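Trainee: Okay, here's the structure, questions in a sec.
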Amino acid sequence: MKTSAALDRISPSPTLAITTKVQELKRAGIDVIGLGAGEPDFDTPDFVKEAAIEAIRRGQTKYTNVDGTPELKDAIVAKFKRDNGLDYTPAQITVNVGGKHTLFNAMVATVGEGDEVIVPAPYWVSYPDVVQFAGGTPIVVAAGPEHGYKLTPAMLEAAITPRTKWLILNSPSNPTGAAYTAAELKALGEVLERHPHVWIFADDMYEHIVYDDFQFATIAQVCPSLYDRTLTVNGCSKAYAMTGWRIGFAGGAQWLIKAMAKLQSQSTSNPCSIAQAAAAAALNGDQSFLAERNAAFKARRDLVVGMLNDTPGITCPTPEGAFYVYPEVSGLIGKTTPKGQKIETDSDFVGYLLEEARVAAVQGVAFGLSPAMRISYATSEEILREACTRIQQACAALR
């Protein structure tokens, strides 16, 4: 039996492949530092865990509405109003099994053969694959370090065609940490206002992880004229350190939410009832812990950016948010390792780091823009300092 054409259009996630490789090396007793995973090292807040335990005790272990309990939808409505100034009704809210599921439902429910989806690069690895699974064509627009890793209005205008269905806009970004200011979003919005057939998938998953007085904004908030054709996407994984709980959510047009629910009814059905209770507690609860965690992330960011920029051949921009850096490594391409291997690509360099320095990062080609690598600094300063020292030593050994 052959696999389906839809399955053949996608590849396994390269970020998850790196995580799996690190786990295998650690099980074999090898001292490897994994900087590939997009996962906070902080624990889920205690008040969220207690809400889950109480939900179990109350017997909230049955099926729920396909795309979210009324209690969680109400909490999401309140979150969008409180944090983003956006007014949604519960009928405009979807709850999914993580943000990747939200993306999958939205694309599969709306994208067909011949449809195009604009994907700025560097991009989260799942964007183009999910578009291709749905039968669409990802239109990758490279936005390099010279543009702050951000799409410009001119780039957007040039990419739009009559076949464009969606623009995917991720801010702060995975993998670069780049975030759009309100003014930058407004400029993009002015382009989109001229093309009413283009919808916006606003991936705000790292909304609460921003630094240096950066003021987060989302496009439907900045450009109210785009509200009716924007799917505003968020979740609990990153800010609340709930990656394993698998809760993503979005607000958007009622017809789109209904279409996504139809698809979900024939795939996963409802997200875990206990995780939904925990997510409602997270969104409704005291948010003050976010500032403390952000301060820790900022210190880690500054450590990593400083040490990488002190490494010959590496240039590391300072990101506005998330917990990744995306250093450019063109200064190392063409060099030779102590074993005589020539570094011809960022994949070669990342492989060299894993083999010689026992540091795992993700190659830039996985995110659509090379030569670079993604490093997650969602781990302790001690581990990050050791990892960056190993990277410096590995780079110094190149000739």
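Labels used: A, B, ... for chains in the order of the structure tokens, numbers from 1 for residues in each chain, and numbers from 1 for ligands as shown.
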Which residues come within 8 Å of range 281-296 of chain A, counting only C-alpha atoms, excluding same-chain residues fewer than 2 positions away, as a ChimeraX atom specification?

Mentor: /A:47-48,51,75-76,79,208-211,236,239-240,277-279,298-300

Trainee: Let's see if you can do this: from backbone DSSP, list all strand (DSSP E) residues in range 23-260 of chain A, as number ranges by chain.

Mentor: A: 33-34, 93-96, 116-121, 137-142, 164-170, 199-203, 230-235, 248-251

Trainee: Can you list every residue of range 171-253 of chain A that has an atom at most 8 Å from range 84-97 of chain A, with its nearest atom pair and the distance in Å to one decimal, using only C-alpha atoms, ordered by chain then number, as a Markdown table?

Mentor:
```
| residue | atom | partner | partner_atom | distance |
| --- | --- | --- | --- | --- |
| A:Ala217 | CA | A:Asn84 | CA | 7.1 |
| A:Thr218 | CA | A:Asn84 | CA | 7.1 |
| A:Ala220 | CA | A:Leu86 | CA | 7.6 |
| A:Gln221 | CA | A:Leu86 | CA | 6.3 |
| A:Arg246 | CA | A:Val97 | CA | 4.9 |
| A:Ile247 | CA | A:Val97 | CA | 5.0 |
| A:Gly248 | CA | A:Asn96 | CA | 5.0 |
| A:Phe249 | CA | A:Val95 | CA | 4.4 |
| A:Ala250 | CA | A:Thr94 | CA | 5.4 |
| A:Gly251 | CA | A:Ile93 | CA | 4.6 |
| A:Gly252 | CA | A:Gln92 | CA | 5.4 |
| A:Ala253 | CA | A:Gln92 | CA | 5.9 |
```

Trainee: If you take only C-alpha atoms and a cut-off of 12 Å, which residues of range 46-136 of chain A touch range 315-329 of chain A, and what are their nearest atom pairs and distances in Å to one decimal, in chain and number order, as JSON lines?

Mentor:
```
{"residue": "A:Ala121", "atom": "CA", "partner": "A:Tyr326", "partner_atom": "CA", "distance": 11.8}
{"residue": "A:Pro122", "atom": "CA", "partner": "A:Tyr326", "partner_atom": "CA", "distance": 9.1}
{"residue": "A:Tyr123", "atom": "CA", "partner": "A:Tyr326", "partner_atom": "CA", "distance": 11.4}
{"residue": "A:Trp124", "atom": "CA", "partner": "A:Tyr324", "partner_atom": "CA", "distance": 11.8}
```

Trainee: What would the file look like if the residues just selected were written as a CSV table (one decimal), in the first residue's frame with all heavy atoms?

Mentor:
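So the final result, stored in part.csv, reads:
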```csv
chain,number,residue,atom,x,y,z
A,121,ALA,N,9.8,34.2,5.5
A,121,ALA,CA,10.9,33.4,6.0
A,121,ALA,C,11.9,34.3,6.6
A,121,ALA,O,12.2,35.4,6.1
A,121,ALA,CB,11.5,32.6,4.8
A,122,PRO,N,12.5,33.9,7.7
A,122,PRO,CA,12.4,32.6,8.4
A,122,PRO,C,11.0,32.3,8.9
A,122,PRO,O,10.4,33.2,9.5
A,122,PRO,CB,13.4,32.6,9.5
A,122,PRO,CG,14.4,33.7,9.1
A,122,PRO,CD,13.5,34.7,8.4
A,123,TYR,N,10.6,31.1,8.8
A,123,TYR,CA,9.2,30.7,9.2
A,123,TYR,C,9.3,29.5,10.2
A,123,TYR,O,10.2,28.7,10.2
A,123,TYR,CB,8.4,30.3,8.0
A,123,TYR,CG,9.0,29.3,7.1
A,123,TYR,CD1,9.3,28.0,7.4
A,123,TYR,CD2,9.4,29.7,5.8
A,123,TYR,CE1,9.9,27.1,6.5
A,123,TYR,CE2,10.0,28.9,4.9
A,123,TYR,CZ,10.2,27.6,5.3
A,123,TYR,OH,10.8,26.7,4.4
A,124,TRP,N,8.2,29.4,11.0
A,124,TRP,CA,8.0,28.2,11.8
A,124,TRP,C,7.9,27.0,10.8
A,124,TRP,O,7.2,27.1,9.8
A,124,TRP,CB,6.8,28.3,12.7
A,124,TRP,CG,6.5,27.1,13.6
A,124,TRP,CD1,7.5,26.4,14.3
A,124,TRP,CD2,5.3,26.6,13.8
A,124,TRP,NE1,6.8,25.4,15.0
A,124,TRP,CE2,5.5,25.5,14.7
A,124,TRP,CE3,4.0,26.9,13.5
A,124,TRP,CZ2,4.4,24.7,15.2
A,124,TRP,CZ3,2.9,26.1,13.9
A,124,TRP,CH2,3.2,25.0,14.8
```

Trainee: Between range 224-307 of chain A and range 174-192 of chain A, at 12 Å or less, what are the per-residue closest atom pairs and their distances in Å? Count only C-alpha atoms, order by chain and rising residue number, and return it as CSV.

Mentor:
```
residue,atom,partner,partner_atom,distance
A:Pro224,CA,A:Gly189,CA,9.4
A:Ser225,CA,A:Gly189,CA,8.6
A:Leu226,CA,A:Gly189,CA,7.4
A:Tyr227,CA,A:Gly189,CA,10.7
A:Arg229,CA,A:Leu192,CA,10.2
A:Thr230,CA,A:Leu192,CA,10.8
A:Lys238,CA,A:Asn174,CA,11.3
A:Phe297,CA,A:Gly177,CA,11.9
A:Lys298,CA,A:Gly177,CA,11.7
A:Arg301,CA,A:Gly177,CA,10.2
```

Trainee: Report as a list in words all protein, DNA and RNA residues lying within 9 Å of Cys395 in chain A, evaluated on only C-alpha atoms, omitting residues in the same chain fewer than 6 positions from it.

Mentor: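 My reading of the contact set: Thr311, Pro312, Gly313, Ile314, Leu332, Thr337 and Leu353 of chain A.
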
Trainee: For the selection you just gave me, I'd like the residues written to a file as a short mmCIF file (atom, residue, chain, number, x, y, z; two decimals), in the first residue's frame, keeping C-alpha atoms.

Mentor:
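Wrote it out as out24.cif, contents follow:
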```cif
data_model
loop_
_atom_site.label_atom_id
_atom_site.label_comp_id
_atom_site.auth_asym_id
_atom_site.auth_seq_id
_atom_site.Cartn_x
_atom_site.Cartn_y
_atom_site.Cartn_z
CA THR A 311 32.41 34.46 18.23
CA PRO A 312 34.22 35.12 14.91
CA GLY A 313 32.04 34.16 11.95
CA ILE A 314 28.73 34.52 13.79
CA LEU A 332 31.82 30.12 8.77
CA THR A 337 36.80 21.24 10.49
CA LEU A 353 28.45 21.46 16.49
#
```

Trainee: CA of Gly340 in chain A and CA of Glu356 in chain A are how many Å apart?

Mentor: 12.7 Å

Trainee: Tell me which of A:Ser273, A:Glu386, A:Gly34, A:Val130 sits closest to Trp245 in chain A, counting only C-alpha atoms.

Mentor: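 Ranking A:Ser273, A:Glu386, A:Gly34, A:Val130 by distance to Trp245 in chain A, first place goes to A:Ser273.
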
Trainee: When you count only C-alpha atoms, which of these residues is closest to Gln215 in chain A: A:Thr44, A:Asp83, A:Gln23, A:Arg399?

Mentor: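 Among the listed residues, the smallest separation from Gln215 in chain A belongs to A:Asp83.
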
Trainee: Please, which residues of range 257-331 of chain A, numbered as in this document, come out helix (DSSP H, G or I) from DSSP, as an MDAnalysis selection string?

Mentor: chainID A and resid 257:265 273:284 289:309 330:331

Trainee: Could you turn the residues from that selection into a file that holds N, CA and C atoms, as a compact mmCIF listing (two decimals), in the first residue's frame?

Mentor:
```
# COMPACT_ATOMS: atom_id res chain seq x y z
N ILE A 257 -14.86 29.70 12.10
CA ILE A 257 -14.82 28.92 13.34
C ILE A 257 -15.69 27.68 13.21
N LYS A 258 -16.86 27.85 12.60
CA LYS A 258 -17.77 26.72 12.41
C LYS A 258 -17.17 25.69 11.47
N ALA A 259 -16.48 26.15 10.41
CA ALA A 259 -15.85 25.23 9.47
C ALA A 259 -14.72 24.45 10.14
N MET A 260 -13.94 25.14 10.98
CA MET A 260 -12.86 24.46 11.69
C MET A 260 -13.41 23.43 12.67
N ALA A 261 -14.54 23.75 13.31
CA ALA A 261 -15.17 22.80 14.24
C ALA A 261 -15.66 21.56 13.49
N LYS A 262 -16.18 21.76 12.30
CA LYS A 262 -16.64 20.63 11.48
C LYS A 262 -15.49 19.67 11.21
N LEU A 263 -14.34 20.22 10.83
CA LEU A 263 -13.17 19.39 10.59
C LEU A 263 -12.72 18.70 11.87
N GLN A 264 -12.69 19.44 12.97
CA GLN A 264 -12.23 18.88 14.24
C GLN A 264 -13.15 17.77 14.72
N SER A 265 -14.44 17.88 14.39
CA SER A 265 -15.40 16.85 14.82
C SER A 265 -15.09 15.49 14.21
N SER A 273 -10.37 17.45 28.31
CA SER A 273 -11.25 18.21 29.21
C SER A 273 -10.48 18.78 30.40
N ILE A 274 -9.53 18.04 30.91
CA ILE A 274 -8.75 18.49 32.08
C ILE A 274 -7.83 19.63 31.68
N ALA A 275 -7.20 19.52 30.51
CA ALA A 275 -6.34 20.60 30.03
C ALA A 275 -7.14 21.86 29.78
N GLN A 276 -8.38 21.72 29.34
CA GLN A 276 -9.22 22.90 29.13
C GLN A 276 -9.52 23.61 30.45
N ALA A 277 -9.78 22.85 31.50
CA ALA A 277 -10.01 23.46 32.81
C ALA A 277 -8.76 24.19 33.29
N ALA A 278 -7.61 23.59 33.06
CA ALA A 278 -6.35 24.23 33.45
C ALA A 278 -6.12 25.50 32.64
N ALA A 279 -6.43 25.46 31.35
CA ALA A 279 -6.24 26.64 30.50
C ALA A 279 -7.13 27.79 30.92
N ALA A 280 -8.37 27.48 31.31
CA ALA A 280 -9.27 28.54 31.78
C ALA A 280 -8.71 29.20 33.03
N ALA A 281 -8.14 28.39 33.93
CA ALA A 281 -7.53 28.94 35.14
C ALA A 281 -6.33 29.80 34.78
N ALA A 282 -5.52 29.35 33.82
CA ALA A 282 -4.34 30.12 33.41
C ALA A 282 -4.74 31.48 32.88
N LEU A 283 -5.75 31.52 32.02
CA LEU A 283 -6.15 32.78 31.40
C LEU A 283 -6.86 33.72 32.37
N ASN A 284 -7.61 33.14 33.31
CA ASN A 284 -8.37 33.96 34.27
C ASN A 284 -7.56 34.34 35.50
N PHE A 289 3.19 36.51 37.36
CA PHE A 289 4.39 35.67 37.22
C PHE A 289 5.04 35.84 35.85
N LEU A 290 4.28 36.33 34.87
CA LEU A 290 4.83 36.49 33.52
C LEU A 290 6.01 37.45 33.50
N ALA A 291 5.91 38.54 34.26
CA ALA A 291 6.99 39.54 34.27
C ALA A 291 8.27 38.95 34.85
N GLU A 292 8.15 38.14 35.89
CA GLU A 292 9.32 37.53 36.51
C GLU A 292 10.01 36.57 35.54
N ARG A 293 9.22 35.79 34.83
CA ARG A 293 9.80 34.85 33.87
C ARG A 293 10.42 35.59 32.69
N ASN A 294 9.78 36.67 32.27
CA ASN A 294 10.34 37.45 31.17
C ASN A 294 11.70 38.04 31.54
N ALA A 295 11.83 38.46 32.78
CA ALA A 295 13.12 39.01 33.23
C ALA A 295 14.21 37.95 33.13
N ALA A 296 13.86 36.71 33.48
CA ALA A 296 14.84 35.62 33.36
C ALA A 296 15.17 35.34 31.90
N PHE A 297 14.15 35.34 31.04
CA PHE A 297 14.38 35.12 29.62
C PHE A 297 15.27 36.23 29.04
N LYS A 298 15.03 37.47 29.45
CA LYS A 298 15.81 38.59 28.93
C LYS A 298 17.28 38.44 29.31
N ALA A 299 17.55 38.05 30.55
CA ALA A 299 18.95 37.85 30.97
C ALA A 299 19.61 36.75 30.15
N ARG A 300 18.87 35.71 29.86
CA ARG A 300 19.41 34.62 29.05
C ARG A 300 19.66 35.10 27.62
N ARG A 301 18.69 35.85 27.08
CA ARG A 301 18.87 36.39 25.73
C ARG A 301 20.15 37.22 25.65
N ASP A 302 20.33 38.12 26.61
CA ASP A 302 21.49 39.01 26.56
C ASP A 302 22.80 38.24 26.68
N LEU A 303 22.80 37.18 27.49
CA LEU A 303 23.98 36.34 27.62
C LEU A 303 24.32 35.68 26.29
N VAL A 304 23.32 35.07 25.67
CA VAL A 304 23.56 34.32 24.43
C VAL A 304 23.94 35.26 23.29
N VAL A 305 23.22 36.36 23.14
CA VAL A 305 23.54 37.31 22.07
C VAL A 305 24.96 37.83 22.23
N GLY A 306 25.35 38.18 23.46
CA GLY A 306 26.69 38.70 23.70
C GLY A 306 27.77 37.68 23.38
N MET A 307 27.60 36.45 23.84
CA MET A 307 28.64 35.44 23.61
C MET A 307 28.72 35.03 22.14
N LEU A 308 27.58 34.96 21.45
CA LEU A 308 27.62 34.59 20.04
C LEU A 308 28.24 35.69 19.19
N ASN A 309 27.95 36.94 19.54
CA ASN A 309 28.55 38.04 18.78
C ASN A 309 30.05 38.20 19.06
N SER A 330 27.21 33.02 7.93
CA SER A 330 27.87 33.03 6.62
C SER A 330 29.39 33.12 6.75
N GLY A 331 29.88 33.71 7.85
CA GLY A 331 31.32 33.82 8.05
C GLY A 331 32.01 32.50 8.31
```

Trainee: Excluding Asp43 in chain A and any residue of its chain fewer than 3 positions from it, enumerate the residues within 9 Å of it, using only C-alpha atoms, and give them as a VMD selection string.

Mentor: chain A and resid 40 46 240 to 242

Trainee: Extract, using only C-alpha atoms, all DNA, RNA and protein residues at most 10 Å from Thr110 in chain A, discarding same-chain residues fewer than 3 positions from it, and format them as a list in words.

Mentor: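 Non-adjacent residues within range: Asn105, Ala106, Met107, Asp115, Ala134, Gly136, Lys165, Trp166, Leu256, Ala259 and Met260 of chain A.
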
Trainee: For the atom pair CA of Val233 in chain A and CA of Asp204 in chain A, what is the interatomic distance in Å to one decimal place?

Mentor: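 Computing the Euclidean distance for CA of Val233 in chain A and CA of Asp204 in chain A yields 5.8 Å.
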